[in-house]
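Notes to accompany the following structure.
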Amino acid sequence: MALDHAGNVEELYELQDELGSGQFSTVRRCLERSSGTYFAAKFIKIRRKKGSRLGLDRKVACQEVDILQQLRHPHIMKLHDLFVCQLQMVLVLELVQGGELFDSVAEKESLSEPQASDFLIQILDALAYMHSLNIAHFDLKPEIIMLQQKDIKPNIKITGFEMAQSIEKNTCLQKRCGVPEYIAPEVIKLEPLSVVADMWSVGVITYVLLSGISPFQGETESETINNVTKGIFKYEDTHFSSTSAIAKDFINQLLVINPKERMTSAQALLHPWIKPLTIKQERNRDSCLINMDNFRRFNVERKKKQSYHMIASCNNLCKMSLFCVHTKENEDLRACESDQEDSPVPPASLLRRRRSSYS
Ligand code: ATP
């Protein structure tokens, strides 16, 4: 990654169509003029003042950049370039074009356990690499497991590093983050964390992938949180009739409340469901199939929830913007000034930064 030449984003990249957007970001396809290579430019709006909700805290954005700069792995989305100005950051990222893994699985007629475990090998490989660097993702869920390309041998790319952190002794999160359905009990309880928090999420993702059922999902968020903290789950025959015993053992070793007793990423890569040791284990796994009817239903519901969250966060942002414009002249609500939109910053003012000079 060459971050040491002065330049501006539009001089170096031709900005093209929008690929998607997040709460504080817009992602656009871009073409690097010098190499003719396509990337994804993620424009992150940085908040002006502490307390403003119209933008991401600079420290949080820098944390994501810091983490991405440390990671170089075939199954982790790469940061290629970086541009920074006072109110915006542009992360030029490896272009990931195959969509979400779960969407691609839902389009299949059938999926065998060995095919599912091939996906898990790639995910575990990326996690074992991150964990060896003492970096935890903290937000593993189906939405961030993407595919490099559609229609060729699936090549997984882990994305969504907004919550990733370098783990130091006694790392605790200030507030709960991630989706309750997928996060570990120690994350919910704001206890000291280690990289194995990610392994709980791998357990939930595997359970869902094999059965189309979410192990801890309740009717409400607080019910889900309660289910996760109790850590009780079961394999109902109706949903797991075609699941191998060895796959269930893999999940059982991940969905363990005590993080110290939970399987690590390195251990998971050696589990017989991932790497069968005997012909019996291999046969046991090879004859088992994913419950596709359930899985497709789960995926439809998941997409509905995703759209609902997107609409809800757009509505919140709109409400906040309107509120701030309407009360602009109200002295009592001066505090909202930091939420007002800043005059647009032309991308030309975004300067490419050295690795250590963006904060
Ligand atoms: P939020 O920040 O609200 O949690 P998010 O994490 O999905 O949302 P972004 O990382 O900004 O936000 O991504 C927004 C969308 O842009 C993604 O859902 C995806 O469709 C697209 N996208 C992000 N990164 C890439 C990439 N490297 N290649 C292709 N598309 C991308």
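Chain labels A, B, ... are given in the sequence in which chains occur in the structure tokens; within each chain residues are numbered consecutively from 1, and ligands are likewise numbered from 1 in the order shown.
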Handout entry: Long-range neighbours of segment 250-252 of chain A as a PyMOL selection string, 9 Å cut-off, only C-alpha atoms, 2 positions minimum in chain
Key = chain A and resi 200+202-204+206-207+245-248+254-256+263+268+271-274
Output file for the selection above: C-alpha atoms, as an mmCIF file, in the first residue's frame:
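Saved as part30.cif:
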data_model
loop_
_atom_site.group_PDB
_atom_site.id
_atom_site.type_symbol
_atom_site.label_atom_id
_atom_site.label_comp_id
_atom_site.auth_asym_id
_atom_site.auth_seq_id
_atom_site.Cartn_x
_atom_site.Cartn_y
_atom_site.Cartn_z
ATOM 1 C CA TRP A 200 -19.006 -17.717 19.465
ATOM 2 C CA VAL A 202 -18.680 -18.514 14.158
ATOM 3 C CA GLY A 203 -20.719 -21.073 16.131
ATOM 4 C CA VAL A 204 -23.945 -19.132 15.551
ATOM 5 C CA THR A 206 -22.461 -22.350 11.404
ATOM 6 C CA TYR A 207 -25.665 -23.315 13.242
ATOM 7 C CA ALA A 245 -22.968 -35.545 14.586
ATOM 8 C CA ILE A 246 -19.534 -34.169 13.863
ATOM 9 C CA ALA A 247 -20.983 -30.821 12.702
ATOM 10 C CA LYS A 248 -22.996 -30.593 15.929
ATOM 11 C CA LEU A 254 -17.963 -22.941 19.888
ATOM 12 C CA LEU A 255 -21.193 -22.069 21.693
ATOM 13 C CA VAL A 256 -19.530 -22.363 25.102
ATOM 14 C CA MET A 263 -12.538 -23.579 20.817
ATOM 15 C CA ALA A 268 -11.328 -25.062 14.958
ATOM 16 C CA HIS A 271 -11.642 -30.004 14.185
ATOM 17 C CA PRO A 272 -12.684 -33.205 12.353
ATOM 18 C CA TRP A 273 -15.699 -31.478 10.772
ATOM 19 C CA ILE A 274 -13.236 -29.121 9.070
#
Per residue of chain A within 10 Å of ligand 1, record the nearest atom pair and its distance in Å to one decimal, counting only C-alpha atoms and all ligand atoms, with rows in chain order and ascending residue number, as a Markdown table.
| residue | atom | partner | partner_atom_place_in_ligand_line | distance |
| --- | --- | --- | --- | --- |
| A:Glu18 | CA | ligand 1 | 16 (O) | 8.0 |
| A:Leu19 | CA | ligand 1 | 21 (C) | 5.1 |
| A:Gly20 | CA | ligand 1 | 16 (O) | 3.6 |
| A:Ser21 | CA | ligand 1 | 14 (C) | 3.9 |
| A:Gly22 | CA | ligand 1 | 8 (O) | 3.4 |
| A:Gln23 | CA | ligand 1 | 3 (O) | 3.6 |
| A:Phe24 | CA | ligand 1 | 2 (O) | 6.1 |
| A:Ser25 | CA | ligand 1 | 11 (O) | 4.7 |
| A:Thr26 | CA | ligand 1 | 11 (O) | 5.6 |
| A:Val27 | CA | ligand 1 | 16 (O) | 4.9 |
| A:Arg28 | CA | ligand 1 | 30 (N) | 7.7 |
| A:Arg29 | CA | ligand 1 | 29 (C) | 7.3 |
| A:Tyr38 | CA | ligand 1 | 28 (N) | 9.7 |
| A:Phe39 | CA | ligand 1 | 28 (N) | 7.1 |
| A:Ala40 | CA | ligand 1 | 28 (N) | 5.0 |
| A:Ala41 | CA | ligand 1 | 27 (N) | 7.6 |
| A:Lys42 | CA | ligand 1 | 11 (O) | 6.1 |
| A:Phe43 | CA | ligand 1 | 11 (O) | 7.6 |
| A:Ile44 | CA | ligand 1 | 11 (O) | 7.5 |
| A:Leu56 | CA | ligand 1 | 2 (O) | 9.2 |
| A:Met77 | CA | ligand 1 | 27 (N) | 6.5 |
| A:Lys78 | CA | ligand 1 | 27 (N) | 8.0 |
| A:Leu79 | CA | ligand 1 | 27 (N) | 8.6 |
| A:Leu91 | CA | ligand 1 | 27 (N) | 9.3 |
| A:Val92 | CA | ligand 1 | 27 (N) | 8.1 |
| A:Leu93 | CA | ligand 1 | 27 (N) | 5.0 |
| A:Glu94 | CA | ligand 1 | 27 (N) | 5.1 |
| A:Leu95 | CA | ligand 1 | 28 (N) | 3.9 |
| A:Val96 | CA | ligand 1 | 28 (N) | 3.8 |
| A:Gln97 | CA | ligand 1 | 29 (C) | 5.5 |
| A:Gly98 | CA | ligand 1 | 29 (C) | 8.3 |
| A:Gly99 | CA | ligand 1 | 20 (O) | 7.4 |
| A:Glu100 | CA | ligand 1 | 20 (O) | 8.7 |
| A:Asp139 | CA | ligand 1 | 4 (O) | 9.8 |
| A:Glu143 | CA | ligand 1 | 18 (O) | 7.6 |
| A:Ile144 | CA | ligand 1 | 7 (O) | 7.7 |
| A:Met146 | CA | ligand 1 | 28 (N) | 9.0 |
| A:Leu147 | CA | ligand 1 | 28 (N) | 9.6 |
| A:Gln148 | CA | ligand 1 | 28 (N) | 8.5 |
| A:Lys157 | CA | ligand 1 | 27 (N) | 9.1 |
| A:Ile158 | CA | ligand 1 | 27 (N) | 9.7 |
| A:Thr159 | CA | ligand 1 | 24 (N) | 7.1 |
| A:Gly160 | CA | ligand 1 | 6 (O) | 5.2 |
| A:Phe161 | CA | ligand 1 | 6 (O) | 7.9 |
| A:Glu162 | CA | ligand 1 | 6 (O) | 7.0 |
| A:Met163 | CA | ligand 1 | 4 (O) | 9.5 |
| A:Gly178 | CA | ligand 1 | 4 (O) | 9.3 |
| A:Gln306 | CA | ligand 1 | 7 (O) | 9.8 |
| A:His309 | CA | ligand 1 | 3 (O) | 8.9 |
| A:Met310 | CA | ligand 1 | 3 (O) | 7.5 |
| A:Ser313 | CA | ligand 1 | 3 (O) | 8.0 |
| A:Cys314 | CA | ligand 1 | 3 (O) | 9.6 |
Exercise for the section: Name all residues at most 9 Å from segment 214-223 of chain A (count only C-alpha atoms; drop same-chain ones fewer than 4 positions away) and give them as a PyMOL selection string. Expected result: chain A and resi 180-182+204-205+207-208+227-228+231-235+298
Exercise for the section: Rounded to one decimal place, report the atom CA of Cys62 of chain A-atom CA of Gln149 of chain A distance in Å. Expected result: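 According to the coordinates, atom CA of Cys62 of chain A and atom CA of Gln149 of chain A are separated by 28.4 Å.
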Problem - Residue nearest Ala61 of chain A among A:Ile46, A:Gln122, A:Glu10, A:His75 (counting only C-alpha atoms) - result: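 Looking only at the distances to Ala61 of chain A, the closest residue turns out to be A:Ile46.
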Exercise for the section: Would you list, as an NGL selection string, the residues of segment 213-299 of chain A that end up in alpha helix (DSSP H) under DSSP run on this structure's backbone? Expected result: :A and (221-230 or 237-240 or 245-252 or 265-269 or 279-286 or 292-299)
Residues of the last selection are to be written out with N, CA and C atoms, as a compact mmCIF listing (two decimals), in the first residue's frame.
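Full text of out30.txt as output:
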# COMPACT_ATOMS: atom_id res chain seq x y z
N GLU A 221 -35.62 -8.17 21.24
CA GLU A 221 -34.16 -8.09 21.43
C GLU A 221 -33.77 -8.53 22.84
N SER A 222 -34.59 -8.14 23.83
CA SER A 222 -34.20 -8.50 25.20
C SER A 222 -34.33 -10.02 25.42
N GLU A 223 -35.29 -10.64 24.73
CA GLU A 223 -35.40 -12.10 24.82
C GLU A 223 -34.16 -12.76 24.19
N THR A 224 -33.71 -12.21 23.05
CA THR A 224 -32.51 -12.76 22.39
C THR A 224 -31.31 -12.62 23.33
N ILE A 225 -31.16 -11.43 23.93
CA ILE A 225 -30.04 -11.19 24.84
C ILE A 225 -30.07 -12.17 26.01
N ASN A 226 -31.27 -12.38 26.53
CA ASN A 226 -31.45 -13.33 27.62
C ASN A 226 -31.04 -14.74 27.20
N ASN A 227 -31.47 -15.14 25.99
CA ASN A 227 -31.12 -16.47 25.48
C ASN A 227 -29.61 -16.63 25.32
N VAL A 228 -28.95 -15.57 24.81
CA VAL A 228 -27.50 -15.65 24.61
C VAL A 228 -26.79 -15.77 25.95
N THR A 229 -27.19 -14.95 26.91
CA THR A 229 -26.47 -14.98 28.20
C THR A 229 -26.66 -16.33 28.90
N LYS A 230 -27.81 -16.96 28.68
CA LYS A 230 -28.01 -18.30 29.27
C LYS A 230 -27.24 -19.35 28.45
N ASP A 237 -35.01 -32.06 16.03
CA ASP A 237 -34.94 -33.06 14.95
C ASP A 237 -35.50 -32.54 13.64
N THR A 238 -36.60 -31.77 13.72
CA THR A 238 -37.24 -31.30 12.49
C THR A 238 -36.28 -30.45 11.65
N HIS A 239 -35.36 -29.75 12.31
CA HIS A 239 -34.44 -28.87 11.57
C HIS A 239 -33.06 -29.49 11.35
N PHE A 240 -32.71 -30.50 12.17
CA PHE A 240 -31.35 -31.03 12.11
C PHE A 240 -31.30 -32.50 11.71
N ALA A 245 -23.32 -35.66 13.17
CA ALA A 245 -22.97 -35.55 14.59
C ALA A 245 -21.69 -34.73 14.74
N ILE A 246 -20.83 -34.85 13.77
CA ILE A 246 -19.53 -34.17 13.86
C ILE A 246 -19.70 -32.64 13.68
N ALA A 247 -20.69 -32.26 12.87
CA ALA A 247 -20.98 -30.82 12.70
C ALA A 247 -21.54 -30.26 14.01
N LYS A 248 -22.43 -31.05 14.65
CA LYS A 248 -23.00 -30.59 15.93
C LYS A 248 -21.89 -30.45 16.98
N ASP A 249 -20.93 -31.37 16.94
CA ASP A 249 -19.82 -31.29 17.90
C ASP A 249 -19.01 -30.01 17.66
N PHE A 250 -18.82 -29.67 16.39
CA PHE A 250 -18.10 -28.43 16.03
C PHE A 250 -18.81 -27.22 16.66
N ILE A 251 -20.13 -27.17 16.48
CA ILE A 251 -20.92 -26.06 17.04
C ILE A 251 -20.86 -26.08 18.57
N ASN A 252 -21.01 -27.27 19.15
CA ASN A 252 -21.01 -27.40 20.62
C ASN A 252 -19.74 -26.84 21.24
N SER A 265 -9.68 -20.28 17.07
CA SER A 265 -9.71 -20.39 15.60
C SER A 265 -8.70 -21.45 15.13
N ALA A 266 -7.54 -21.49 15.78
CA ALA A 266 -6.52 -22.48 15.38
C ALA A 266 -7.03 -23.90 15.66
N GLN A 267 -7.67 -24.08 16.81
CA GLN A 267 -8.22 -25.41 17.14
C GLN A 267 -9.35 -25.78 16.18
N ALA A 268 -10.19 -24.79 15.85
CA ALA A 268 -11.33 -25.06 14.96
C ALA A 268 -10.85 -25.55 13.58
N LEU A 269 -9.72 -25.01 13.15
CA LEU A 269 -9.19 -25.44 11.83
C LEU A 269 -8.78 -26.91 11.84
N ILE A 279 -11.71 -42.02 7.75
CA ILE A 279 -12.65 -42.19 6.63
C ILE A 279 -14.08 -42.15 7.16
N LYS A 280 -14.26 -42.69 8.37
CA LYS A 280 -15.59 -42.72 8.98
C LYS A 280 -16.09 -41.27 9.19
N GLN A 281 -15.20 -40.44 9.74
CA GLN A 281 -15.59 -39.04 9.97
C GLN A 281 -15.93 -38.35 8.64
N GLU A 282 -15.13 -38.62 7.63
CA GLU A 282 -15.34 -38.00 6.32
C GLU A 282 -16.68 -38.44 5.72
N ARG A 283 -16.96 -39.76 5.82
CA ARG A 283 -18.21 -40.30 5.27
C ARG A 283 -19.40 -39.73 6.00
N ASN A 284 -19.27 -39.64 7.34
CA ASN A 284 -20.34 -39.12 8.18
C ASN A 284 -20.71 -37.70 7.72
N ARG A 285 -19.69 -36.89 7.45
CA ARG A 285 -19.92 -35.51 7.05
C ARG A 285 -20.42 -35.41 5.61
N ASP A 286 -19.82 -36.24 4.73
CA ASP A 286 -20.09 -36.11 3.30
C ASP A 286 -21.52 -36.46 2.91
N MET A 292 -32.09 -26.71 3.13
CA MET A 292 -32.21 -25.56 2.23
C MET A 292 -33.54 -24.82 2.34
N ASP A 293 -34.64 -25.55 2.58
CA ASP A 293 -35.94 -24.87 2.68
C ASP A 293 -35.90 -23.87 3.84
N ASN A 294 -35.44 -24.37 4.99
CA ASN A 294 -35.30 -23.49 6.16
C ASN A 294 -34.35 -22.34 5.87
N PHE A 295 -33.22 -22.67 5.24
CA PHE A 295 -32.20 -21.65 5.02
C PHE A 295 -32.73 -20.51 4.15
N ARG A 296 -33.46 -20.88 3.09
CA ARG A 296 -34.00 -19.84 2.20
C ARG A 296 -34.99 -18.95 2.96
N ARG A 297 -35.83 -19.59 3.80
CA ARG A 297 -36.79 -18.81 4.61
C ARG A 297 -36.04 -17.86 5.54
N PHE A 298 -34.99 -18.39 6.19
CA PHE A 298 -34.20 -17.57 7.11
C PHE A 298 -33.63 -16.37 6.36
N ASN A 299 -33.12 -16.62 5.15
CA ASN A 299 -32.45 -15.55 4.41
C ASN A 299 -33.43 -14.46 3.98
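For the pair atom CA of Pro259 of chain A and atom CA of His137 of chain A, the interatomic distance is 15.4 Å.
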Handout entry: Which of A:Ser104, A:Thr278, A:Asn258, A:Gln63 sits closest to Glu191 of chain A [using only C-alpha atoms]
Key =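 Closest to Glu191 of chain A of all the choices is A:Asn258.
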Fill in the blank from the handout: Of A:Leu124, A:Ser241, A:Phe83, A:Asn134, the one sitting nearest Gln70 of chain A when using only C-alpha atoms is A:Asn134
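Across the structure, atom CA of His73 of chain A and atom CA of Phe119 of chain A are spaced 15.5 Å apart.
For segment 49-165 of chain A, backbone-based DSSP labels the following residues as strand (DSSP E or B): Leu56, Ile76, Leu79, His80, Asp81, Leu82, Phe83, Val84, Gln88, Met89, Val90, Leu91, Val92, Leu93, Glu94, Glu100, Ser112, Ile135, Ala136, Ile145, Met146, Leu147, Ile156, Lys157, Ile158 and Gln165 of chain A.
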Taking N, CA and C atoms for each residue, export the selection above as a PDB file, in the first residue's frame.
ATOM      1  N   LEU A  56     -19.396  10.049  11.800  1.00  0.00           N
ATOM      2  CA  LEU A  56     -18.728   9.071  12.659  1.00  0.00           C
ATOM      3  C   LEU A  56     -17.628   9.768  13.449  1.00  0.00           C
ATOM      4  N   ILE A  76      -9.504 -11.481   3.620  1.00  0.00           N
ATOM      5  CA  ILE A  76      -9.878 -10.239   4.319  1.00  0.00           C
ATOM      6  C   ILE A  76      -9.802  -9.093   3.312  1.00  0.00           C
ATOM      7  N   LEU A  79      -7.318  -2.782   2.473  1.00  0.00           N
ATOM      8  CA  LEU A  79      -7.305  -1.324   2.310  1.00  0.00           C
ATOM      9  C   LEU A  79      -6.177  -1.007   1.339  1.00  0.00           C
ATOM     10  N   HIS A  80      -6.510  -0.278   0.259  1.00  0.00           N
ATOM     11  CA  HIS A  80      -5.499  -0.010  -0.761  1.00  0.00           C
ATOM     12  C   HIS A  80      -4.922   1.394  -0.611  1.00  0.00           C
ATOM     13  N   ASP A  81      -5.767   2.323  -0.233  1.00  0.00           N
ATOM     14  CA  ASP A  81      -5.325   3.718  -0.194  1.00  0.00           C
ATOM     15  C   ASP A  81      -6.207   4.498   0.774  1.00  0.00           C
ATOM     16  N   LEU A  82      -5.754   5.672   1.140  1.00  0.00           N
ATOM     17  CA  LEU A  82      -6.488   6.436   2.160  1.00  0.00           C
ATOM     18  C   LEU A  82      -6.356   7.930   1.912  1.00  0.00           C
ATOM     19  N   PHE A  83      -7.469   8.621   1.982  1.00  0.00           N
ATOM     20  CA  PHE A  83      -7.471  10.084   1.842  1.00  0.00           C
ATOM     21  C   PHE A  83      -8.207  10.671   3.046  1.00  0.00           C
ATOM     22  N   VAL A  84      -7.693  11.761   3.542  1.00  0.00           N
ATOM     23  CA  VAL A  84      -8.275  12.322   4.765  1.00  0.00           C
ATOM     24  C   VAL A  84      -8.399  13.830   4.658  1.00  0.00           C
ATOM     25  N   GLN A  88     -14.044  14.414   6.318  1.00  0.00           N
ATOM     26  CA  GLN A  88     -14.283  13.221   5.518  1.00  0.00           C
ATOM     27  C   GLN A  88     -13.036  12.337   5.450  1.00  0.00           C
ATOM     28  N   MET A  89     -13.284  11.046   5.370  1.00  0.00           N
ATOM     29  CA  MET A  89     -12.181  10.121   5.107  1.00  0.00           C
ATOM     30  C   MET A  89     -12.597   9.263   3.927  1.00  0.00           C
ATOM     31  N   VAL A  90     -11.679   8.963   3.052  1.00  0.00           N
ATOM     32  CA  VAL A  90     -12.004   8.045   1.954  1.00  0.00           C
ATOM     33  C   VAL A  90     -11.076   6.840   2.047  1.00  0.00           C
ATOM     34  N   LEU A  91     -11.687   5.683   2.236  1.00  0.00           N
ATOM     35  CA  LEU A  91     -10.912   4.440   2.279  1.00  0.00           C
ATOM     36  C   LEU A  91     -11.059   3.785   0.902  1.00  0.00           C
ATOM     37  N   VAL A  92      -9.954   3.618   0.213  1.00  0.00           N
ATOM     38  CA  VAL A  92     -10.012   2.921  -1.081  1.00  0.00           C
ATOM     39  C   VAL A  92      -9.772   1.440  -0.789  1.00  0.00           C
ATOM     40  N   LEU A  93     -10.840   0.657  -0.975  1.00  0.00           N
ATOM     41  CA  LEU A  93     -10.826  -0.743  -0.559  1.00  0.00           C
ATOM     42  C   LEU A  93     -10.831  -1.691  -1.750  1.00  0.00           C
ATOM     43  N   GLU A  94     -10.357  -2.862  -1.516  1.00  0.00           N
ATOM     44  CA  GLU A  94     -10.462  -3.937  -2.515  1.00  0.00           C
ATOM     45  C   GLU A  94     -11.938  -4.077  -2.906  1.00  0.00           C
ATOM     46  N   GLU A 100     -23.236 -11.134  -0.719  1.00  0.00           N
ATOM     47  CA  GLU A 100     -23.095 -11.840   0.543  1.00  0.00           C
ATOM     48  C   GLU A 100     -23.111 -13.359   0.337  1.00  0.00           C
ATOM     49  N   SER A 112     -23.993 -29.345   0.391  1.00  0.00           N
ATOM     50  CA  SER A 112     -23.587 -30.457   1.259  1.00  0.00           C
ATOM     51  C   SER A 112     -22.751 -29.902   2.416  1.00  0.00           C
ATOM     52  N   ILE A 135      -6.035  -9.382  17.000  1.00  0.00           N
ATOM     53  CA  ILE A 135      -7.101  -8.496  16.522  1.00  0.00           C
ATOM     54  C   ILE A 135      -8.406  -9.283  16.500  1.00  0.00           C
ATOM     55  N   ALA A 136      -9.430  -8.701  17.127  1.00  0.00           N
ATOM     56  CA  ALA A 136     -10.755  -9.343  17.114  1.00  0.00           C
ATOM     57  C   ALA A 136     -11.675  -8.540  16.203  1.00  0.00           C
ATOM     58  N   ILE A 145     -19.879 -11.349   5.583  1.00  0.00           N
ATOM     59  CA  ILE A 145     -19.150 -12.429   4.903  1.00  0.00           C
ATOM     60  C   ILE A 145     -19.531 -12.366   3.431  1.00  0.00           C
ATOM     61  N   MET A 146     -18.602 -11.829   2.648  1.00  0.00           N
ATOM     62  CA  MET A 146     -18.922 -11.575   1.234  1.00  0.00           C
ATOM     63  C   MET A 146     -18.074 -12.455   0.314  1.00  0.00           C
ATOM     64  N   LEU A 147     -18.430 -12.430  -0.951  1.00  0.00           N
ATOM     65  CA  LEU A 147     -17.686 -13.223  -1.933  1.00  0.00           C
ATOM     66  C   LEU A 147     -16.979 -12.284  -2.908  1.00  0.00           C
ATOM     67  N   ILE A 156     -14.108 -16.256  -0.192  1.00  0.00           N
ATOM     68  CA  ILE A 156     -14.714 -15.412   0.841  1.00  0.00           C
ATOM     69  C   ILE A 156     -13.830 -14.229   1.202  1.00  0.00           C
ATOM     70  N   LYS A 157     -14.494 -13.090   1.434  1.00  0.00           N
ATOM     71  CA  LYS A 157     -13.801 -11.899   1.930  1.00  0.00           C
ATOM     72  C   LYS A 157     -14.539 -11.428   3.181  1.00  0.00           C
ATOM     73  N   ILE A 158     -13.823 -11.321   4.277  1.00  0.00           N
ATOM     74  CA  ILE A 158     -14.414 -10.780   5.505  1.00  0.00           C
ATOM     75  C   ILE A 158     -14.353  -9.261   5.409  1.00  0.00           C
ATOM     76  N   GLN A 165     -10.962  -4.554  16.900  1.00  0.00           N
ATOM     77  CA  GLN A 165     -10.052  -3.935  17.875  1.00  0.00           C
ATOM     78  C   GLN A 165      -8.832  -4.798  18.107  1.00  0.00           C
TER      79      GLN A 165
END
